[in-house]
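Student: One structure follows; several queries about it will come next.
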Amino acid sequence: MGQYWMIINLDKREATSHLGKLGECLFDGIPESLVPYFAIPLPLSALDIKKEFSGVNSGPSANSALGSLDLAPEILYLIFDEIDDLRGAISLSLTNKTLSDIGQARVYELACKTTAPWAGDRVICAGDYMRWHDLPVGMLSESELYEYRSQDEDEGDGDSNEEYDSYTNNPRNFHDVRWREAPSRHSEPDVLNISSIHDAYFHYNVSSFEREEFSRRQKPQYSIDLSKDETHGWVLCSISKREYVRASVVAALTGSSAKMPRGIGGRGGFGLGHVLMSQICWSSDDSISMRYKGDLHRGRWAGDRLSITTMDRLDNHEAWKDTSEEVVKKITKIWDADCQGWRSQVNCNDTPK
């Protein structure tokens with residue numbers, strides 16, 4: 001029959017709902033949807049910020065008077081630093097060119113705070129045939145393991161599997177632990193989203209120009225300059241093992257671009273998300289409902305701290321190991337076995353169930 005899988009963030013105590021069998025979820029768009037959870041936007045220092053925020057120069061408020069905000073720039077910077085709401089920061093920055101210039105850094109900082117909520121956390125894709133005595137070495141402390149194994153059915157938050165050990169009434173594996181439900185998607189913020197009467201009033205009283213600027217300014221940036229050397233490229237990394245896989249090597253398999261991670265901004269297709277998911281699976285049983293017969297259920301990064309970033313942001317880069325060729329070689333075997341046409345970005349609809 002095969003086992004079922006779920007992705008768990010051990011640090012935030014969050015988990016996805018059951019994903020189905022690995023032969024189904026690995027090829028159906030789930031890997032791309034994981035990327036925004038881990039992809040850290042480019043830092044402000046890497047952007048042409050004046051270009052990104054140039055729209056106000058031609059807007060109706062570009063030359064409006066500062067009025068009571070005709071203050072020293074240092075004070076205006078302090079005012080923006082006190083704003084914790086992205087919508088509020090963008091609103092203020094759109095009122096005047098001076099405020100746009102001064103507020104651009106704070107706006108970008110707030111936009112980036114909404115992204116990559118799982119970056120740096122321990123994450124595992126656990127099969128429901130996993131057993132407590134067979135976990136990745138060092139993934140849990142003794143106290144954490146005790147807590148999970150002895151969790152009473154009245155403890156915890158969120159939904160959980162109702163099946164417990166028939167003798168001890170304790171969770172038999174991660175699937176029986178009570179986790180908070182992971183957000184369905186983490187990508188770009190949407191400050192114009194309507195979730196209250198106040199939101200509706202705001203939404204319907206902004207001009208078309210302001211709406212366009214809100215949409216543009218709320219977006220963190222991920223697009224890199226491919227003309228730079230490889231040290232600025234995107235990488236998926238295991239912080240725990242200090243290993244990484246380069247996006248450029250993965251992109252070369254399908255002839256696609258490594259300018260930004262696939263899964264960001266609605267860009268689908270084979271990419272770092274597939275690498276990530278194929279490296280974090282763990283179970284005590286090798287049934288994966290796939291043609292591939294390797295050890296996919298013993299992922300080298302299962303339970304590791306993960307992130308998607310650019311190589312130049314890795315601390316002490318020389319101490320990291322580039323595992324791109326090794327990992328891509330294994331992934332190629334997996335996709336060749338189970339996903340016909342994957343190199344041409346054809347959907348995989350022929351995987352065994």
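Residue numbering restarts at 1 for every chain of the structure tokens, chains are lettered A, B, ... in their displayed order, and ligands are numbered from 1 as they appear.
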List the spatial neighbours of Ala111 of chain A as a PyMOL selection string - criterion: any atom at most 12 Å away, only C-alpha atoms, same-chain residues fewer than 6 positions off excluded.

Tutor: chain A and resi 40-44+84-90+104-105+187-191+214-221

Student: Determine the nearest neighbour of Lys12 of chain A from the options A:Arg180, A:His297, A:Arg149, A:His133, counting only C-alpha atoms.

Tutor: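 With only C-alpha atoms as the atom set, the closest residue is A:Arg180.
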
Student: May I have the residues within 8 Å of Tyr4 of chain A as a PyMOL selection string, using only C-alpha atoms and disregarding those fewer than 2 positions away in the same chain?

Tutor: chain A and resi 2+6+18-22+127-128

Student: In Å to one decimal, how far is atom CA of Ser238 of chain A from atom CA of Glu147 of chain A?

Tutor: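 Separation of atom CA of Glu147 of chain A and atom CA of Ser238 of chain A: 25.4 Å.
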
Student: For Ile308 of chain A, work out the shell of residues within 12 Å, counting only C-alpha atoms and skipping chain neighbours fewer than 5 positions away, then give it as a ChimeraX atom specification.

Tutor: /A:34-42,115-121,222,233-239,243-247,260-264,271-273,275-276,313-314

Student: Using Å and a single decimal, report how far atom CA of Asp322 of chain A sits from atom CA of Gly29 of chain A.

Tutor: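 Between these atoms lies a distance of 26.3 Å.
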
Student: For Leu76 of chain A, which residue out of A:Ser45, A:Asn9, A:Thr323, A:Thr98 is the nearest one, using only C-alpha atoms?

Tutor: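 So, comparing all the options, the nearest one is A:Thr98.
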
Student: Taking 4 positions as the minimum chain separation for residues in the same chain, which residues sit within 6 Å of Ala182 of chain A when counting only C-alpha atoms? Answer as a PyMOL selection string.

Tutor: chain A and resi 14-16

Student: Any idea what's packed within 8 Å of Gly299 of chain A, counting only C-alpha atoms, ignoring anything in its chain fewer than 2 positions away? Could you give it as number ranges by chain?

Tutor: A: 278-282, 295-297, 301-302

Student: Skip Glu230 of chain A itself and residues of its chain fewer than 6 positions away, then list as a list of chain:residue names all residues within 10 Å of it, counting only C-alpha atoms.

Tutor: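 Using only C-alpha atoms, the neighbours found are A:Arg246, A:Ser248, A:Thr310, A:Met311, A:Asp312.
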
Student: Convert the current residue selection to file output with N, CA and C atoms, as a short mmCIF file (atom, residue, chain, number, x, y, z; two decimals), in the first residue's frame.

Tutor:
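Final output, again.cif:
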```
data_model
loop_
_atom_site.label_atom_id
_atom_site.label_comp_id
_atom_site.auth_asym_id
_atom_site.auth_seq_id
_atom_site.Cartn_x
_atom_site.Cartn_y
_atom_site.Cartn_z
N ARG A 246 24.13 24.14 -5.64
CA ARG A 246 24.00 25.36 -6.43
C ARG A 246 22.80 25.29 -7.38
N SER A 248 22.46 26.85 -10.10
CA SER A 248 22.91 26.84 -11.49
C SER A 248 23.12 25.42 -12.00
N THR A 310 22.02 33.17 -1.14
CA THR A 310 23.06 33.30 -2.16
C THR A 310 24.40 32.95 -1.54
N MET A 311 25.29 32.42 -2.37
CA MET A 311 26.54 31.88 -1.86
C MET A 311 27.38 32.92 -1.12
N ASP A 312 27.30 34.16 -1.55
CA ASP A 312 28.10 35.20 -0.91
C ASP A 312 27.64 35.50 0.51
#
```

Student: Between atom CA of Glu212 of chain A and atom CA of Gly103 of chain A, what is the distance in Å, rounded to a tenth?

Tutor: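 So the two atoms, atom CA of Glu212 of chain A and atom CA of Gly103 of chain A, lie 17.5 Å apart.
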
Student: Measuring between only C-alpha atoms, which one of A:Asn170, A:Ser324, A:Ser100, A:Ser257 shows the shortest distance to Tyr148 of chain A?

Tutor: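 Once distances to Tyr148 of chain A are computed over only C-alpha atoms, the minimum belongs to A:Asn170.
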
Student: DSSP on the backbone, helix (DSSP H, G or I) only: what residues of segment 75-280 of chain A does that give? Format it as number ranges by chain.

Tutor: A: 75-81, 86-93, 97-113, 142-149, 174-176, 197-203, 208-217, 230-232, 247-252, 272-279
